[in-house]
>>> print(open('entry_28.cif').read())   # mmCIF, C-alpha atoms
data_start
#
loop_
_atom_site.label_atom_id
_atom_site.label_comp_id
_atom_site.auth_asym_id
_atom_site.auth_seq_id
_atom_site.Cartn_x
_atom_site.Cartn_y
_atom_site.Cartn_z
CA LEU A 1 -9.20 1.69 -8.29
CA PRO A 2 -7.93 -1.69 -6.93
CA GLU A 3 -10.20 -3.42 -9.44
CA MET A 4 -8.98 -1.27 -12.34
CA GLN A 5 -7.62 -3.41 -15.15
CA ILE A 6 -3.96 -2.75 -15.98
CA GLY A 7 -2.87 -5.01 -18.78
CA ASP A 8 -3.83 -8.59 -17.93
CA VAL A 9 -4.26 -7.98 -14.17
CA THR A 10 -6.05 -5.59 -11.84
CA LEU A 11 -4.19 -2.98 -9.83
CA ALA A 12 -4.72 -5.04 -6.67
CA GLN A 13 -3.20 -8.10 -8.34
CA LEU A 14 -0.29 -6.03 -9.65
CA LEU A 15 0.60 -5.13 -6.05
CA ASP A 16 -0.01 -8.64 -4.74
CA SER A 17 2.09 -10.24 -2.00
CA PRO A 18 1.89 -13.53 -0.05
CA ARG A 19 -0.25 -11.87 2.66
CA GLY A 20 -2.50 -9.88 0.37
CA THR A 21 -2.45 -6.94 -1.97
CA ARG A 22 -0.21 -4.08 -0.92
CA TRP A 23 -2.70 -1.66 -2.46
CA TRP A 24 -3.96 -1.14 1.10
CA PHE A 25 -0.50 0.17 2.09
CA THR A 26 -0.74 3.11 -0.30
CA GLU A 27 -1.66 6.61 0.79
CA ILE A 28 -4.13 7.04 -2.06
CA CYS A 29 -6.33 4.18 -0.79
CA GLU A 30 -7.25 6.24 2.29
CA LYS A 31 -9.15 8.70 0.10
CA SER A 32 -8.45 11.50 2.58
CA GLY A 33 -7.92 15.15 1.75
CA TRP A 34 -5.54 15.36 4.72
CA ARG A 35 -3.24 12.59 3.53
CA THR A 36 -2.13 13.76 0.07
CA PRO A 37 -3.05 16.64 -2.30
CA PHE A 38 -4.90 14.20 -4.58
CA ILE A 39 -8.46 14.65 -3.22
CA ASN A 40 -8.00 18.42 -3.05
CA LEU A 41 -6.75 18.47 -6.65
CA LEU A 42 -9.86 16.62 -7.78
CA TYR A 43 -12.00 19.12 -5.89
CA GLN A 44 -10.21 22.03 -7.54
CA LEU A 45 -10.66 20.42 -10.95
CA ALA A 46 -14.38 20.17 -10.32
CA LEU A 47 -14.54 23.84 -9.25
CA ILE A 48 -12.65 25.00 -12.34
CA ARG A 49 -14.86 22.84 -14.54
CA VAL A 50 -18.00 24.40 -13.08
CA ALA A 51 -16.62 27.95 -13.26
CA MET A 52 -15.59 27.57 -16.90
CA GLY A 53 -19.06 26.34 -17.77
CA GLN A 54 -20.70 29.50 -16.48
CA GLU A 55 -19.27 31.96 -19.02
CA ASN A 56 -17.54 32.02 -22.41
CA TYR A 57 -14.11 33.27 -21.42
CA ASP A 58 -11.60 34.60 -23.93
CA GLU A 59 -8.64 33.64 -21.77
CA VAL A 60 -8.04 31.62 -18.63
CA TRP A 61 -4.97 31.80 -16.40
CA LEU A 62 -4.14 28.77 -14.31
CA ASN A 63 -1.41 28.32 -11.71
CA VAL A 64 -0.78 24.61 -12.19
CA ALA A 65 0.35 22.53 -9.21
CA THR A 66 1.40 19.51 -11.27
CA PRO A 67 2.21 18.97 -14.97
CA TYR A 68 -0.53 16.35 -15.14
CA ILE A 69 -3.15 19.06 -14.57
CA THR A 70 -1.82 20.79 -17.67
CA SER A 71 -2.33 17.73 -19.84
CA ILE A 72 -5.84 17.22 -18.48
CA PHE A 73 -7.02 20.67 -19.50
CA LEU A 74 -5.22 20.84 -22.82
CA ARG A 75 -6.50 17.39 -23.80
CA ASP A 76 -10.09 17.48 -22.59
CA LEU A 77 -11.24 21.10 -22.83
CA SER A 78 -11.74 22.71 -26.21
CA SER A 79 -12.86 26.10 -24.91
CA PRO A 80 -11.53 28.56 -24.17
CA LYS A 81 -8.98 28.13 -26.93
CA PHE A 82 -6.13 29.84 -25.11
CA PHE A 83 -4.66 28.92 -21.73
CA SER A 84 -1.93 30.72 -19.82
CA LEU A 85 -0.41 27.95 -17.73
CA VAL A 86 2.02 28.81 -14.93
CA GLN A 87 4.05 25.60 -14.79
CA PRO A 88 5.43 24.18 -11.52
CA THR A 89 9.10 24.86 -10.91
CA GLU A 90 9.97 21.56 -9.21
CA SER A 91 11.77 18.88 -11.19
CA ARG A 92 9.99 15.82 -12.48
CA PHE A 93 9.29 13.16 -9.88
CA ASN A 94 12.16 10.68 -9.71
CA VAL A 95 10.89 7.29 -8.59
CA ALA A 96 14.20 5.58 -7.85
CA TRP A 97 15.78 8.45 -5.93
CA ARG A 98 12.68 9.16 -3.85
CA TYR A 99 12.33 5.50 -2.93
CA LEU A 100 15.98 5.11 -1.96
CA SER A 101 16.11 8.29 0.13
CA ASN A 102 12.89 7.38 1.95
CA ALA A 103 14.12 3.83 2.58
CA ILE A 104 17.37 5.15 4.08
CA SER A 105 15.37 7.54 6.28
CA ILE A 106 12.94 4.87 7.53
CA VAL A 107 15.53 2.18 8.23
CA GLY A 108 17.89 4.76 9.75
CA ALA A 109 15.15 5.93 12.12
CA MET A 110 14.50 2.34 13.18
CA ALA A 111 18.22 1.76 13.80
CA MET A 112 18.43 4.95 15.89
CA VAL A 113 15.48 3.89 18.07
CA ARG A 114 17.02 0.47 18.65
CA LEU A 115 20.39 2.00 19.51
CA VAL A 116 18.88 4.40 22.07
CA LEU A 117 16.91 1.60 23.73
CA PHE A 118 20.01 -0.59 23.79
CA ILE A 119 22.05 2.18 25.44
CA MET A 120 19.31 2.65 28.04
CA GLY A 121 19.29 -1.08 28.78
CA TRP A 122 15.67 -1.61 27.70
CA ARG A 123 14.21 -5.08 28.32
CA ALA A 124 10.61 -5.90 27.46
CA GLN A 125 8.66 -8.65 29.24
CA TYR A 126 5.54 -9.79 27.44
CA GLU A 127 5.45 -13.58 27.40
CA ASP A 128 2.41 -13.72 29.72
CA ALA A 129 0.41 -11.03 27.88
CA ARG A 130 -2.70 -11.93 25.87
CA LEU A 131 -4.32 -8.52 25.39
CA PHE A 132 -2.54 -5.78 23.46
CA PHE A 133 -3.34 -2.21 22.48
CA PHE A 134 -1.58 -0.66 19.51
CA SER A 135 -0.36 2.92 19.77
CA VAL A 136 2.15 5.39 18.33
CA TYR A 137 4.26 6.85 21.11
CA PRO A 138 4.68 9.73 21.89
CA HIS A 139 2.67 11.09 18.94
CA TRP A 140 -0.72 9.78 20.11
CA TRP A 141 -0.17 10.45 23.81
CA THR A 142 -1.04 13.39 26.03
CA ARG A 143 1.58 14.53 28.59
CA ALA A 144 3.70 11.84 27.01
CA MET A 145 6.80 12.37 29.19
CA SER A 146 5.07 12.62 32.55
CA GLN A 147 3.57 10.24 35.09
CA GLU A 148 0.12 11.13 33.69
CA ALA A 149 1.04 9.92 30.18
CA THR A 150 -2.12 8.64 28.50
CA ASP A 151 -2.97 7.31 25.08
CA ARG A 152 -5.60 9.78 23.88
CA PHE A 153 -7.64 7.08 22.16
CA PHE A 154 -7.87 4.85 25.26
CA ALA A 155 -7.99 7.55 27.92
CA THR A 156 -10.72 5.97 30.07
CA MET A 157 -9.52 2.38 29.94
CA PRO A 158 -10.13 0.71 33.35
CA ASP A 159 -7.17 -0.44 35.41
CA SER A 160 -8.63 -3.97 35.47
CA MET A 161 -7.74 -4.39 31.79
CA ARG A 162 -4.25 -5.84 32.05
CA GLY A 163 -3.20 -5.13 28.51
CA ARG A 164 0.20 -4.22 27.11
CA PHE A 165 0.86 -1.46 24.60
CA LEU A 166 2.46 -2.42 21.31
CA VAL A 167 3.97 0.92 20.34
CA TRP A 168 5.64 2.28 17.26
CA LEU A 169 8.07 4.92 18.50
CA SER A 170 7.81 8.09 16.42
CA HIS A 171 10.22 11.01 16.10
CA PRO A 172 13.65 9.39 16.79
CA ARG A 173 15.16 12.73 17.79
CA GLU A 174 12.62 13.04 20.59
CA VAL A 175 13.36 9.47 21.62
CA TRP A 176 16.97 10.51 22.18
CA LYS A 177 16.19 13.91 23.69
CA TRP A 178 13.68 12.58 26.22
CA ARG A 179 15.13 9.09 26.59
CA HIS A 180 15.26 9.10 30.41
CA ASP A 181 11.64 10.22 30.82
CA MET A 182 10.43 7.96 28.00
CA ILE A 183 12.02 4.86 29.45
CA GLN A 184 10.22 5.43 32.76
CA VAL A 185 6.87 5.89 30.99
CA MET A 186 7.47 2.81 28.84
CA TYR A 187 8.17 0.62 31.87
CA ARG A 188 5.22 2.04 33.78
CA LYS A 189 2.81 1.54 30.87
CA GLN A 190 4.34 -1.84 29.97
CA MET A 191 5.08 -0.83 26.40
CA ILE A 192 6.65 -3.07 23.80
CA PRO A 193 8.50 -1.00 21.15
CA LEU A 194 7.90 -2.74 17.85
CA GLN A 195 11.09 -1.39 16.26
CA THR A 196 13.05 -3.76 18.50
CA ILE A 197 11.17 -6.72 17.03
CA VAL A 198 11.61 -5.96 13.32
CA ARG A 199 13.87 -8.55 11.74
CA TRP A 200 16.93 -6.98 10.15
CA ARG A 201 16.54 -9.13 7.05
CA ASP A 202 13.08 -7.61 6.53
CA ALA A 203 14.42 -4.09 7.01
CA LEU A 204 17.33 -4.64 4.61
CA ARG A 205 14.95 -6.23 2.12
CA LEU A 206 13.73 -2.71 1.36
CA PHE A 207 17.10 -2.23 -0.38
CA ASN A 208 16.89 -5.53 -2.27
CA PRO A 209 17.39 -4.72 -5.99
CA LEU A 210 14.74 -7.30 -6.92
CA TYR A 211 12.24 -5.69 -4.57
CA MET A 212 13.03 -2.25 -5.99
CA LEU A 213 12.74 -3.65 -9.52
CA GLU A 214 9.33 -5.06 -8.63
CA LEU A 215 8.12 -1.63 -7.56
CA TRP A 216 9.68 -0.06 -10.64
CA ARG A 217 7.84 -2.47 -12.93
CA ALA A 218 4.60 -1.68 -11.14
CA SER A 219 5.13 2.06 -11.60
CA VAL A 220 6.02 1.64 -15.28
CA THR A 221 2.93 -0.49 -15.87
CA ILE A 222 0.75 2.11 -14.18
CA CYS A 223 2.26 4.91 -16.30
CA GLN A 224 1.76 2.99 -19.54
CA GLN A 225 -1.83 1.95 -18.94
CA LYS A 226 -4.22 3.60 -21.40
CA LYS A 227 -7.47 3.24 -19.47
CA THR A 228 -9.49 6.43 -19.20
CA ILE A 229 -10.56 7.45 -15.69
CA ASP A 230 -13.41 9.94 -15.99
CA PHE A 231 -14.00 12.66 -13.41
CA VAL A 232 -16.51 15.46 -14.16
CA GLY A 233 -15.91 14.89 -17.84
CA LEU A 234 -12.11 15.01 -17.56
CA ASP A 235 -9.68 12.14 -18.03
CA VAL A 236 -7.67 12.12 -14.78
CA SER A 237 -5.82 8.85 -15.44
CA SER A 238 -2.44 10.60 -15.58
CA LEU A 239 -3.11 12.30 -12.25
CA VAL A 240 -4.17 9.00 -10.66
CA GLY A 241 -1.09 7.26 -12.04
CA ASP A 242 1.20 9.95 -10.64
CA GLU A 243 -0.41 9.69 -7.19
CA LEU A 244 -0.15 5.89 -7.23
CA ILE A 245 3.55 5.98 -8.01
CA LYS A 246 4.19 8.52 -5.25
CA SER A 247 2.30 6.26 -2.84
CA LEU A 248 4.43 3.27 -3.80
CA VAL A 249 7.68 5.01 -2.82
CA SER A 250 6.41 7.07 0.13
CA LYS A 251 7.60 6.83 3.72
CA GLU A 252 4.12 5.62 4.64
CA TRP A 253 4.52 2.59 2.38
CA LEU A 254 8.00 1.74 3.68
CA ASN A 255 7.06 2.26 7.31
CA ASN A 256 4.08 -0.04 6.88
CA CYS A 257 6.38 -2.75 5.49
CA LEU A 258 8.45 -2.62 8.69
CA LEU A 259 5.35 -2.54 10.88
CA THR A 260 3.99 -5.65 9.17
CA SER A 261 7.31 -7.41 9.79
CA ALA A 262 7.26 -6.47 13.49
CA ILE A 263 3.69 -7.68 14.00
CA ASP A 264 4.42 -10.92 12.16
CA GLU A 265 7.40 -11.59 14.44
CA MET A 266 5.32 -10.72 17.51
CA VAL A 267 2.65 -13.25 16.53
CA SER A 268 5.30 -15.92 16.04
CA ARG A 269 6.33 -15.38 19.69
CA ILE A 270 2.78 -15.24 21.06
CA PRO A 271 0.50 -17.37 18.84
CA GLU A 272 -2.82 -16.51 20.55
CA ALA A 273 -3.85 -13.03 21.71
CA MET A 274 -6.16 -10.10 21.02
CA LEU A 275 -5.24 -6.73 19.56
CA VAL A 276 -7.31 -3.57 20.07
CA TYR A 277 -6.36 -0.64 17.86
CA ARG A 278 -7.60 2.76 16.81
CA ASP A 279 -9.10 2.46 13.34
CA GLU A 280 -9.57 5.25 10.82
CA PHE A 281 -9.38 3.23 7.58
CA GLN A 282 -5.75 4.25 7.16
CA PRO A 283 -2.89 2.26 5.58
CA LEU A 284 -1.33 1.91 9.03
CA GLU A 285 -4.20 -0.27 10.23
CA SER A 286 -4.04 -2.41 7.09
CA ALA A 287 -0.36 -3.06 7.84
CA LEU A 288 -1.31 -4.24 11.33
CA LEU A 289 -3.86 -6.70 9.98
CA PHE A 290 -1.47 -7.92 7.29
CA GLY A 291 1.10 -8.74 9.95
CA LEU A 292 -1.47 -10.54 12.09
CA ASN A 293 -2.69 -12.55 9.10
CA ARG A 294 -5.85 -13.49 11.08
CA ARG A 295 -3.84 -15.29 13.75
CA TRP A 296 -4.97 -12.96 16.56
CA ARG A 297 -8.46 -11.72 17.30
CA THR A 298 -8.81 -8.05 16.42
CA VAL A 299 -11.01 -5.19 17.60
CA GLY A 300 -11.06 -1.88 15.74
CA PHE A 301 -11.98 1.23 17.72
CA TYR A 302 -13.67 3.91 15.61
CA HIS A 303 -13.22 6.84 17.96
CA ALA A 304 -14.62 9.66 15.80
CA PRO A 305 -18.29 10.35 15.10
CA PHE A 306 -19.33 9.72 11.52
CA ILE A 307 -19.04 12.70 9.18
CA LYS A 308 -21.18 12.27 6.09
CA ASN A 309 -18.88 14.04 3.63
CA PHE A 310 -15.57 12.75 4.99
CA THR A 311 -14.15 10.93 1.97
CA ALA A 312 -12.11 8.41 4.01
CA TYR A 313 -15.39 6.95 5.33
CA GLN A 314 -16.93 6.60 1.87
CA PHE A 315 -16.63 3.13 0.37
CA THR A 316 -17.32 1.46 -2.93
CA GLU A 317 -20.23 -0.93 -3.14
CA SER A 318 -18.09 -3.99 -2.43
CA GLU A 319 -15.22 -2.54 -0.38
CA MET A 320 -16.49 -3.99 2.91
CA SER A 321 -19.06 -6.57 1.90
CA ASN A 322 -16.60 -8.59 -0.19
CA TRP A 323 -14.39 -9.27 2.84
CA ILE A 324 -17.40 -10.19 4.99
CA ASN A 325 -19.33 -12.29 2.48
CA ARG A 326 -16.55 -13.81 0.45
CA GLY A 327 -13.81 -14.11 3.02
CA ASP A 328 -11.29 -13.29 0.27
CA TRP A 329 -9.11 -11.06 2.41
CA HIS A 330 -6.25 -11.60 -0.03
CA LEU A 331 -7.52 -8.86 -2.35
CA ASP A 332 -10.18 -7.13 -0.26
CA ARG A 333 -9.79 -4.42 2.36
CA PRO A 334 -8.65 -6.05 5.64
CA LEU A 335 -11.11 -5.45 8.47
CA PRO A 336 -11.17 -6.26 12.21
CA ASP A 337 -13.16 -9.15 13.67
CA ARG A 338 -15.14 -6.78 15.90
CA ILE A 339 -15.74 -3.03 15.96
CA ILE A 340 -16.26 -0.57 18.81
CA ALA A 341 -17.93 2.66 17.64
CA VAL A 342 -18.71 5.84 19.57
CA ALA A 343 -21.96 6.76 17.83
CA GLU A 344 -25.08 5.05 16.56
CA VAL A 345 -24.79 6.89 13.25
CA MET A 346 -21.36 5.32 12.70
CA ARG A 347 -22.74 1.85 13.39
CA GLU A 348 -25.59 2.43 10.94
CA HIS A 349 -23.12 3.56 8.29
CA LEU A 350 -20.88 0.51 8.74
CA VAL A 351 -23.87 -1.84 8.64
CA ALA A 352 -25.11 -0.17 5.45
CA GLN A 353 -21.69 -0.87 3.92
CA GLY A 354 -22.04 -4.58 4.70
CA TYR A 355 -20.39 -5.02 8.10
CA PRO A 356 -22.45 -7.34 10.38
CA LYS A 357 -24.40 -5.40 13.00
CA ASP A 358 -23.90 -8.07 15.65
CA ARG A 359 -20.13 -7.49 15.50
CA ILE A 360 -20.42 -3.79 16.42
CA VAL A 361 -20.82 -2.43 19.95
CA LEU A 362 -21.17 1.17 21.06
CA CYS A 363 -19.23 3.01 23.74
CA GLY A 364 -18.79 6.52 25.04
CA PRO A 365 -16.30 9.06 23.68
CA GLN A 366 -13.03 7.68 25.05
CA ARG A 367 -11.04 10.76 24.11
CA GLN A 368 -13.06 12.95 26.51
CA GLY A 369 -11.93 11.34 29.77
CA GLU A 370 -10.62 14.61 31.22
CA LEU A 371 -13.83 16.43 30.32
CA GLU A 372 -15.86 13.75 32.10
CA SER A 373 -13.72 14.06 35.24
CA TYR A 374 -14.02 17.86 35.14
CA MET A 375 -17.81 17.77 34.82
CA ARG A 376 -18.15 15.32 37.70
CA SER A 377 -15.94 17.45 39.95
CA ARG A 378 -18.05 20.58 39.50
#
>>> encode(input="entry_28.cif", output="structure tokens")
Amino acid sequence: LPEMQIGDVTLAQLLDSPRGTRWWFTEICEKSGWRTPFINLLYQLALIRVAMGQENYDEVWLNVATPYITSIFLRDLSSPKFFSLVQPTESRFNVAWRYLSNAISIVGAMAMVRLVLFIMGWRAQYEDARLFFFSVYPHWWTRAMSQEATDRFFATMPDSMRGRFLVWLSHPREVWKWRHDMIQVMYRKQMIPLQTIVRWRDALRLFNPLYMLELWRASVTICQQKKTIDFVGLDVSSLVGDELIKSLVSKEWLNNCLLTSAIDEMVSRIPEAMLVYRDEFQPLESALLFGLNRRWRTVGFYHAPFIKNFTAYQFTESEMSNWINRGDWHLDRPLPDRIIAVAEVMREHLVAQGYPKDRIVLCGPQRQGELESYMRSR
């Protein structure tokens, strides 16, 4: 999709920015059935296509989840001749309103976090730090409000690793509700809340009319493109366009813009360091790497064993190799300098995609620290 031609430019070029293409900020680029309904809709289309090819039906009833599904069937299927289509009841997607409401929500949440930390007298000390771990607190933590609070992805990290946690604080209401306990955990774990580092001009830029116009032009261009995107004999270009537009105005997109700003400001304060982060090929990790802009060394931790049919781990022929061989990170998927993987099969898969084998090391399952302690105590 990022190489799809839209007018005189590709989709990646259409979403270009000084640091690289913002295509990697979109939810659709993750290709995950858990992120948006898009992958599941494609799967259902394929099932319906197969089922309708088994028999000559006189009539087919479909409960349609989106109006674009209606157009796909009416345009591309000639039999059966009659469809009973139960149309969705929700109103047509409004790009401007959805973007504005999500921007208010994201910036408001950031302001609330900063206000709570200010009231609690939070002061972060990080000038001497050179090793950082990225995390989302408390969402990624077990027993997050207790003395045993642990990042589930780095549960067995040795005490000798004097790293600091760069954290994005999630759930502002919980930040306020548990503020006293959270502050103690944050001091004990030496956390640096990234919301406090975001520059206000970058946050308010989300409301810049020129920025909103830029996104609007991108969405209009996507809607007007006439290129056919074939899937099991059906033209799903309208469905892809709808999903792209929703990605461009989603909270994920806006949150990633703020995260990139925070990381960029952090690097300006500490020019040389290393960042270790959980990597699942999600837009969140792309935002991290965009903010770093190759100024810090990076290590991606692939904590899950490889699952053959998991769509998020399936890549196009050049999705990884272009970044490695060409070094053109401006348009290609951003990747870490080194990778830690928990299984040999994952390393083999990454190498087959073009990632250098000598940059990958294996480790044990870090998320099973408690299980290891339990087994040893028996």
>>> resolve_selection(input="entry_28.cif", expression="the PyMOL selection byres ((chain A and resi 341) around 7)", output="mmCIF file with C-alpha atoms, keeping the file's coordinate frame")
data_model
loop_
_atom_site.group_PDB
_atom_site.id
_atom_site.type_symbol
_atom_site.label_atom_id
_atom_site.label_comp_id
_atom_site.auth_asym_id
_atom_site.auth_seq_id
_atom_site.Cartn_x
_atom_site.Cartn_y
_atom_site.Cartn_z
ATOM 1 C CA PHE A 301 -11.980 1.230 17.720
ATOM 2 C CA TYR A 302 -13.670 3.910 15.610
ATOM 3 C CA HIS A 303 -13.220 6.840 17.960
ATOM 4 C CA ILE A 339 -15.740 -3.030 15.960
ATOM 5 C CA ILE A 340 -16.260 -0.570 18.810
ATOM 6 C CA VAL A 342 -18.710 5.840 19.570
ATOM 7 C CA ALA A 343 -21.960 6.760 17.830
ATOM 8 C CA MET A 346 -21.360 5.320 12.700
ATOM 9 C CA ARG A 347 -22.740 1.850 13.390
ATOM 10 C CA VAL A 361 -20.820 -2.430 19.950
ATOM 11 C CA LEU A 362 -21.170 1.170 21.060
ATOM 12 C CA CYS A 363 -19.230 3.010 23.740
#
>>> residues_around(input="entry_28.cif", residues="stretch 24-39 of chain A", least_positions_apart="4", cutoff="8 Å", atoms="all atoms listed in the file", output="ChimeraX atom specification")
/A:43,243-244,247-248,252-253,256,281-284,286-287,310-312,333
>>> resolve_selection(input="entry_28.cif", expression="the PyMOL selection byres ((chain A and resi 96) around 10)", output="PyMOL selection string")
chain A and resi 93-95+97-101+212-213+215-216+249
>>> closest_atom_pairs(input="entry_28.cif", of="stretch 139-169 of chain A", to="stretch 124-130 of chain A", cutoff="9 Å", atoms="all atoms listed in the file", output="JSON lines")
{"residue": "A:Arg162", "atom": "CA", "partner": "A:Ala129", "partner_atom": "CA", "distance": 8.1}
{"residue": "A:Gly163", "atom": "CA", "partner": "A:Ala129", "partner_atom": "CA", "distance": 6.9}
{"residue": "A:Arg164", "atom": "CA", "partner": "A:Ala129", "partner_atom": "CA", "distance": 6.9}
>>> resolve_selection(input="entry_28.cif", expression="the PyMOL selection byres ((chain A and resi 257-273) around 9)", output="PyMOL selection string")
chain A and resi 25+106-107+126-132+168+194-199+202-203+206+252-256+274-275+284+286-293+295-298
>>> residues_around(input="entry_28.cif", residues="stretch 137-147 of chain A", least_positions_apart="2", cutoff="10 Å", atoms="all atoms listed in the file", output="ChimeraX atom specification")
/A:134-135,149-155,165-171,174-175,178-186,188-189,191,193
>>> closest_residue(input="entry_28.cif", among="A:Asp279, A:Asp8, A:Glu3, A:Asp242", to="A:Ser318", atoms="all atoms listed in the file")
A:Glu3
>>> closest_residue(input="entry_28.cif", among="A:Pro2, A:Ala103, A:Glu280, A:Leu234", to="A:Lys251", atoms="only C-alpha atoms")
A:Ala103
